[in-house]
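**Q** Submitted below is the structure of interest, expressed as structure tokens.
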2 protein chains.
Amino acid sequence: MPVPSRCIQVYDTTLRDGAQGEGISLSVADKLKIATRLDEFGAHYIEGGWPGSNPKDAAFFENCRGKLKRAKLVAFGSTRYKNTTCEKDRNVQMLANADTLVVTLVGKAWDMQVQVVLEASLEENLDMIRESVAYFKRLGREVMLDAEHFYDGYKAAPEYAIACLQAAVDGGVDVLVLCDTNGGSVPWDLQKVTATVVHRFPATRVGVHCHNDMELAVANSISAVNAGASLVQGTVNGYGERTGNANLMSIVPTLQLKLGYACVGDALSKLTSLSRFVDEIACQKPVSGQPFVGVSSFAHKGGLHVAAVLKNEDTYQHIDPSLVGNEKRILVSELAGRRNVLSKAEELGLVPAGDDAGARQEWGNRAKQVLGQVKDLENKGYSFEGAEASLELMLRRSVEGYRPPFELLDFSVTTDNKRIHYGPNSEGPPFNESVTQATVKIALLGPKDGGEACPTKICLEVAEGNGPIDAVNGALGKVLFSMYQPLQTVALTDYKVRILDSESATAATTRVVVDFEDSASGRQWTTVYAHPNIIVASVNALMDGFEVAMWDSLPQCCIG
Amino acid sequence: MPVPSRCIQVYDTTLRDGAQGEGISLSVADKLKIATRLDEFGAHYIEGGWPGSNPKDAAFFENCRGKLKRAKLVAFGSTRYKNTTCEKDRNVQMLANADTLVVTLVGKAWDMQVQVVLEASLEENLDMIRESVAYFKRLGREVMLDAEHFYDGYKAAPEYAIACLQAAVDGGVDVLVLCDTNGGSVPWDLQKVTATVVHRFPATRVGVHCHNDMELAVANSISAVNAGASLVQGTVNGYGERTGNANLMSIVPTLQLKLGYACVGDALSKLTSLSRFVDEIACQKPVSGQPFVGVSSFAHKGGLHVAAVLKNEDTYQHIDPSLVGNEKRILVSELAGRRNVLSKAEELGLVPAGDDAGARQEWGNRAKQVLGQVKDLENKGYSFEGAEASLELMLRRSVEGYRPPFELLDFSVTTDNKRIHYGPNSEGPPFNESVTQATVKIALLGPKDGGEACPTKICLEVAEGNGPIDAVNGALGKVLFSMYQPLQTVALTDYKVRILDSESATAATTRVVVDFEDSASGRQWTTVYAHPNIIVASVNALMDGFEVAMWDSLPQCCIG
């Protein structure tokens with residue numbers, strides 16, 4: 001790793017450009033939470049929104065004032081409109097009223113855009129840029145120009161694109177931010193143009209703002225830095241319109257760990273938790289294979305890879321995952337070896353620490369046995385790699401004397417569809433009454449000395465649902481939530497079905513995968529079950545998920 | 001756009017390296033379907049698997065032989081083990097037995113890996129590479145070397161890394177594929193090293209194989225091409241271990257549209273449908289913001305952007321989306337959509353031929369109405385892509401006076417699980433008796449003059465099955481196959497379930513897709529239905545599929 005040289009400033013626009021992403025909608029409270037985390041992470045600038053565009057953004061600036069410890073809060077807006085002055089321009093005035101240390105102005109830098117979209121003269125656009133920058137400088141603000149479409153504009157008319165930057169410099173701009181607004185540039189072109197600008201304006205900082213339309217936003221951002229840019233705009237997890245903005249979660253670790261720039265220092269170890277926190281707030285499902293921060297990013301599956309990684313971590317890992325707050329994961333699957341299974345048992349704390357050779361030997365044998373089961377079951381259609389909780393249960397159950405905290409004695413599920421009006425003259429939809437009911441009979445098997453928290457009894461319950469699984473889940477919940485209070489914070493978060501050997505169609509094996517979360521502890525886990533009958537598979541995956549929850553919440557009710 | 005210069009060969013490893021991705025598990029039938037689509041797309045090489053590693057891959061090669069029209073099928077394997085010969089090495093022999101035109105051998109090119117992982121001498125590794133390549137050349141195969149960890153190896157020990165390539169060249173290798181196995185390289189370094197190799201081995205083709213650990217796999221792949229590589233390995237949608245392999249869905253359009261290389265020609269317009277097809281087969285939720293192929297990739301949200309795009313498409317789009325078979329999202333091109341629907345009606349022979357302007361006008365209106373329904377239903381979770389039989393039914397039903405040949409009056413499905421032995425001392429499996437039964441009550445509505453082949457009556461039947469859908473299908477068959485003899489050749493061939501809005505877990509909407517085949521006519525068709533209750537969705541998709549069969553086999557029983 002090279003010695004840190006320049007400091008590259010991190011400019012986050014998750015709250016403004018990121019919020020343009022499809023399906024993302026942030027409340028003022030959400031934005032404040034994210035801003036606080038970005039501040040802790042060491043982002044140098046946090047763009048909070050466009051105060052002229054909506055009242056929510058205006059409220060955010062009101063609320064955020066004075067809350068950030070290190071980061072500078074930025075308000076975003078446009079250069080003044082044509083045929084007016086900054087003093088009379090409503091948007092410029094709202095931007096001024098947001099009263100932030102820093103203001104970023106977007107201005108056009110592509111002649112075609114000025115003429116077609118603004119319907120302004122090229123000269124007027126230069127005046128709009130220069131006057132707007134100068135206006136905010138007179139107010140004592142730090143001012144950045146987001147030169148929209150700069151790279152496309154430079155390709156089409158280089159002199160005019162440079163003239164736009166010159167207008168900003170003439171107005172006293174602090175940072176020239178070059179935008180690849182349509183995300184259509186390749187790294188080596190972008191690098192060359194950036195170097196030209198850095199050379200042309202040696203006294204002004206240069207930044208970069210990229211979009212991911214060709215999956216090149218990270219490469220383009222670091223190429224601009226390589227050419228002399230010292231500020232990078234982007235978003236957490238690459239949120240943004242269309243294909244998203246440049247992903248800071250990949251740019252920051254690459255700049256710091258691979259290229260030796262100073263960015264956020266030791267706070268880099270908060271990268272993974274920042275990424276997942278923002279996904280949580282924005283209601284986005286985390287991408288498991290997201291570089292650096294995904295749960296699969298340092299997961300190893302192939303037996304050869306696993307054996308190699310256990311010999312030397314560098315063999316199949318480009319960095320130590322703890323540097324970005326992530327961790328190595330060994331996936332257990334038919335491709336895996338005994339070593340994978342054993343390291344999973346160690347992770348669960350099942351294998352006694354220290355040098356108890358006997359116990360280690362015993363666990364070695366159990367691991368071998370469990371691995372055999374895994375291979376057997378995967379042959380039947382299971383897939384354990386995303387369902388570590390099912391493996392956890394197999395390991396627990398491999399211990400002699402293990403007894404589950406409860407057992408499903410029997411259940412039934414009935415779906416009935418009746419229509420009141422039918423026949424050739426019917427106007428109604430085909431199914432106008434559909435009712436699904438499930439019953440479950442469960443034996444609670446807590447130890448004799450478990451006390452009131454661990455009753456021993458047989459319960460029978462019934463529930464209706466939207467479909468068979470929903471009904472079974474409802475009936476299970478009626479038993480378990482009332483008998484075991486701590487399970488009340490456990491909920492299903494995802495449910496997936498896969499038909500295997502689908503060539504045998506409706507008689508094929510069905511694999512069901514269920515995700516759970518305990519909102520009290522924050523733990524998430526996944527179980528899997530495969531069976532020709534989708535109902536049987538689903539019920540078993542549900543039961544297993546609750547059994548795992550018992551080990552977390554009520555270990556005193558479990559024997560093993 | 002520059003004039004096409006070199007042809008860059010597309011080497012797909014979705015079926016081998018892609019299948020290493022977490023949560024991806026492909027059956028032999030899945031692999032065959034994907035290979036066929038890749039062949040149509042114009043991939044030059046399709047890597048089918050590692051015949052030595054598991055029986056599934058061996059079965060794939062058996063089945064795929066002779067099925068590809070243009071693409072070359074590739075079998076993957078390792079160079080021979082240390083201290084043996086190719087003739088005695090079991091993996092080398094299984095690779096030879098796969099009997100493919102092309103063989104790709106992975107060999108180590110980083111001295112540390114040779115010593116730590118292989119525990120072989122550096123000299124022995126060179127022998128392993130040279131002898132293995134030469135062995136397959138003697139068998140008459142085209143041979144590629146995947147030089148594992150090449151870029152890291154070159155950084156650590158450049159002479160040894162080059163010596164590994166030289167060993168392959170000495171063995172007669174056709175293509176040297178340089179691998180960034182850990183995904184830790186930045187584009188400008190990788191480009192420089194690639195150029196060195198291209199220069200050092202002017203008579204040998206050079207390829208590149210990248211991983212996405214820093215979100216740079218696409219940039220690295222095109223940088224290698226920029227340095228002279230002429231073959232790119234990658235996967236559909238970037239599937240692969242950890243953070244995935246280089247994404248061919250971004251690389252191919254960038255090479256072809258932005259950099260002017262020849263790759264797959266006009267078949268590029270199949271890019272989007274290929275991407276979504278593979279996601280569907282692999283049960284992966286399509287990424288809406290995926291570059292080029294995502295549903296949001298050309299979607300415009302910001303009001304200013306939309307206004308600008310309506311003035312000039314280039315303002316916020318880096319390419320014309322139709323070049324990759326995608327579309328802009330705000331201009332939901334009503335006219336184009338209606339035309340598609342209309343041409344479907346023409347295909348079905350519903351629109352009278354000739355110049356009947358009145359009839360054409362009427363069908364124009366129906367097409368508009370059906371298009372509205374399609375949009376409505378897709379909003380609710382349907383997906384008609386690939387389920388044209390459902391569209392066919394909508395068109396038929398849009399005609400005034402249409403009457404289905406039969407209707408499901410009501411049905412019930414019951415799953416019961418009872419265990420005889422239970423409790424803490426039970427030895428048996430959790431569910432030792434599970435029975436699923438379905439009843440259906442169907443009204444046959446044939447026309448009064450339909451004769452014996454088209455009875456008018458109400459039938460009630462019951463059947464058992466492996467699961468609820470199997471039982472319903474059995475009961476339906478009991479009615480339909482006995483009452484309509486020609487339907488006896490109709491069978492379900494595939495059945496898929498997809499949970500939508502999965503955050504609402506077991507109460508989410510379920511989309512069911514059913515494939516049918518009539519072994520008498522050879523016709524295959526697909527229906528789709530979405531409903532919160534999986535049973536209701538499945539029953540409707542089944543009924544619709546049989547209704548389509550009636551139009552084929554017994555049109556005299558249908559009115560419309």
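For the structure tokens, the naming scheme is as follows: chains receive sequential letters (A, B, ...) according to their order of presentation, residues are indexed from 1 within each chain, and ligands are indexed from 1 in presentation order.
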Report, to one decimal in Å, the C-alpha RMSD of chain B against chain A after an in-order least-squares superposition over all those atoms.
**A**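 Computed on C-alpha atoms only, the RMSD stands at 6.5 Å.
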**Q** At a cut-off of 12 Å, using only C-alpha atoms, what residues contact B:Glu119? Leave out same-chain residues fewer than 5 positions from it and give the result as a list in words.
**A**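 The neighbour list is Ala308 and Lys311 of chain A; Tyr81, Lys82, Asn83, Lys108, Asp111, Met112, Gln113, Val114, Glu124 and Asn125 of chain B.
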**Q** Just to confirm, what's the straight-line distance from atom CA of A:Ser27 to atom CA of A:Ile46 in Å (one decimal)?
**A**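 These atoms are spaced 16.3 Å apart.
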**Q** Taking 6 positions as the minimum chain separation for residues in the same chain, which residues sit within 12 Å of A:Gly234 when counting only C-alpha atoms? Answer as a ChimeraX atom specification.
**A** /A:9-19,43,45-47,177,179-180,207-212,217-218,220-222,240,244-252
**Q** Considering only C-alpha atoms, can you say which of B:Leu342, B:Leu444, B:Leu480, B:Val548 comes closest to chain A?
**A**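 Smallest distance to chain A is found for B:Leu444.
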**Q** Per DSSP on the backbone, filter stretch 28-95 of chain B down to the residues in strand (DSSP E) and report them as an MDAnalysis selection string.
**A** chainID B and resid 45:49 72:78
**Q** Might you pull out every residue within 7 Å of stretch 466-477 of chain A, with only C-alpha atoms counted and same-chain residues fewer than 5 positions away left off, and present them as a PyMOL selection string?
**A** (chain A and resi 413+436-440+461+535+538) or (chain B and resi 506-507+532-534)
**Q** I'd like the interatomic distance between atom CA of B:Thr510 and atom CA of B:Tyr529, to a tenth of an Å.
**A**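 Computing it gives 8.3 Å between the two atoms.
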**Q** Tell me, as a list in words, which residues lie within 7 Å of stretch 286-291 of chain B, counting only C-alpha atoms; anything in the same chain fewer than 2 positions away does not count.
**A**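 Everything that qualifies: Asn212, Asp213, Met214, Glu215, Arg242, Thr243 and Gly244 of chain A; Ser250, Arg276, Asp279, Gln284, Val293, Gly294, Val295, Ser296 and Ser297 of chain B.
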**Q** Calculated over only C-alpha atoms, which of the candidates A:Gly184, A:Lys375, A:Phe481, A:Leu139 has the smallest distance to B:Phe292?
**A**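 For B:Phe292, the nearest of the given residues is A:Gly184.
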**Q** Which neighbours of B:Glu241 fall inside 7 Å, counting only C-alpha atoms, when residues of the same chain fewer than 3 positions from it are skipped, and could you give them as a PyMOL selection string?
**A** chain B and resi 20-22+244
**Q** Write the selection just made, keeping N, CA, C and O atoms, as an mmCIF file, in the first residue's frame?
**A**
```
data_model
loop_
_atom_site.group_PDB
_atom_site.id
_atom_site.type_symbol
_atom_site.label_atom_id
_atom_site.label_comp_id
_atom_site.auth_asym_id
_atom_site.auth_seq_id
_atom_site.Cartn_x
_atom_site.Cartn_y
_atom_site.Cartn_z
ATOM 1 N N GLN B 20 -21.346 -20.392 -9.277
ATOM 2 C CA GLN B 20 -20.718 -20.324 -7.953
ATOM 3 C C GLN B 20 -21.330 -19.210 -7.108
ATOM 4 O O GLN B 20 -21.014 -19.084 -5.935
ATOM 5 N N GLY B 21 -22.140 -18.361 -7.709
ATOM 6 C CA GLY B 21 -22.731 -17.250 -6.970
ATOM 7 C C GLY B 21 -23.637 -17.747 -5.859
ATOM 8 O O GLY B 21 -24.291 -18.778 -6.005
ATOM 9 N N GLU B 22 -23.693 -17.006 -4.772
ATOM 10 C CA GLU B 22 -24.515 -17.412 -3.643
ATOM 11 C C GLU B 22 -25.982 -17.412 -4.056
ATOM 12 O O GLU B 22 -26.467 -16.473 -4.678
ATOM 13 N N GLY B 244 -19.269 -11.279 -7.599
ATOM 14 C CA GLY B 244 -19.622 -11.628 -8.971
ATOM 15 C C GLY B 244 -18.493 -11.470 -9.976
ATOM 16 O O GLY B 244 -17.436 -10.897 -9.687
#
```
**Q** Find the spatial neighbours of A:Leu178, counting only C-alpha atoms, within a cut-off of 8 Å - ignore same-chain residues fewer than 5 positions away - and output them as a VMD selection string.
**A** chain A and resid 146 to 151 194 206 to 209
**Q** Keeping N, CA, C and O atoms for every residue in the selection just given, could you write it to a file as a PDB file, in the first residue's frame?
**A**
```
ATOM      1  N   ASP A 146     -21.552  22.462 -10.075  1.00  0.00           N
ATOM      2  CA  ASP A 146     -21.739  21.167 -10.730  1.00  0.00           C
ATOM      3  C   ASP A 146     -21.912  21.447 -12.216  1.00  0.00           C
ATOM      4  O   ASP A 146     -22.985  21.901 -12.647  1.00  0.00           O
ATOM      5  N   ALA A 147     -20.871  21.221 -12.985  1.00  0.00           N
ATOM      6  CA  ALA A 147     -20.921  21.516 -14.426  1.00  0.00           C
ATOM      7  C   ALA A 147     -21.607  20.332 -15.107  1.00  0.00           C
ATOM      8  O   ALA A 147     -20.985  19.323 -15.442  1.00  0.00           O
ATOM      9  N   GLU A 148     -22.916  20.495 -15.293  1.00  0.00           N
ATOM     10  CA  GLU A 148     -23.748  19.405 -15.790  1.00  0.00           C
ATOM     11  C   GLU A 148     -23.334  19.019 -17.210  1.00  0.00           C
ATOM     12  O   GLU A 148     -23.053  19.890 -18.033  1.00  0.00           O
ATOM     13  N   HIS A 149     -23.338  17.711 -17.472  1.00  0.00           N
ATOM     14  CA  HIS A 149     -22.987  17.207 -18.818  1.00  0.00           C
ATOM     15  C   HIS A 149     -21.606  17.673 -19.252  1.00  0.00           C
ATOM     16  O   HIS A 149     -21.369  17.820 -20.455  1.00  0.00           O
ATOM     17  N   PHE A 150     -20.690  17.941 -18.293  1.00  0.00           N
ATOM     18  CA  PHE A 150     -19.416  18.526 -18.706  1.00  0.00           C
ATOM     19  C   PHE A 150     -18.677  17.654 -19.729  1.00  0.00           C
ATOM     20  O   PHE A 150     -18.182  18.149 -20.746  1.00  0.00           O
ATOM     21  N   TYR A 151     -18.599  16.333 -19.452  1.00  0.00           N
ATOM     22  CA  TYR A 151     -17.781  15.491 -20.345  1.00  0.00           C
ATOM     23  C   TYR A 151     -18.399  15.369 -21.735  1.00  0.00           C
ATOM     24  O   TYR A 151     -17.682  15.413 -22.745  1.00  0.00           O
ATOM     25  N   THR A 194     -10.325  15.294 -17.618  1.00  0.00           N
ATOM     26  CA  THR A 194     -10.140  15.813 -16.265  1.00  0.00           C
ATOM     27  C   THR A 194      -8.751  16.415 -16.104  1.00  0.00           C
ATOM     28  O   THR A 194      -8.583  17.503 -15.523  1.00  0.00           O
ATOM     29  N   VAL A 206     -10.763  20.685  -8.198  1.00  0.00           N
ATOM     30  CA  VAL A 206     -11.615  20.030  -9.196  1.00  0.00           C
ATOM     31  C   VAL A 206     -12.241  18.791  -8.559  1.00  0.00           C
ATOM     32  O   VAL A 206     -11.573  18.046  -7.839  1.00  0.00           O
ATOM     33  N   GLY A 207     -13.548  18.629  -8.792  1.00  0.00           N
ATOM     34  CA  GLY A 207     -14.250  17.441  -8.292  1.00  0.00           C
ATOM     35  C   GLY A 207     -14.888  16.691  -9.443  1.00  0.00           C
ATOM     36  O   GLY A 207     -14.861  17.139 -10.599  1.00  0.00           O
ATOM     37  N   VAL A 208     -15.491  15.524  -9.130  1.00  0.00           N
ATOM     38  CA  VAL A 208     -16.093  14.713 -10.179  1.00  0.00           C
ATOM     39  C   VAL A 208     -17.432  14.155  -9.691  1.00  0.00           C
ATOM     40  O   VAL A 208     -17.601  13.894  -8.488  1.00  0.00           O
ATOM     41  N   HIS A 209     -18.365  14.008 -10.614  1.00  0.00           N
ATOM     42  CA  HIS A 209     -19.717  13.522 -10.290  1.00  0.00           C
ATOM     43  C   HIS A 209     -20.126  12.578 -11.417  1.00  0.00           C
ATOM     44  O   HIS A 209     -20.344  13.013 -12.546  1.00  0.00           O
TER      45      HIS A 209
END
```
**Q** Identify which of the residues A:Pro253, A:Gly325, A:Gly171, A:Pro187 lies closest to A:Ala227, counting only C-alpha atoms when measuring atom-to-atom distances.
**A**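 Nearest candidate to A:Ala227 out of A:Pro253, A:Gly325, A:Gly171, A:Pro187: A:Pro187.
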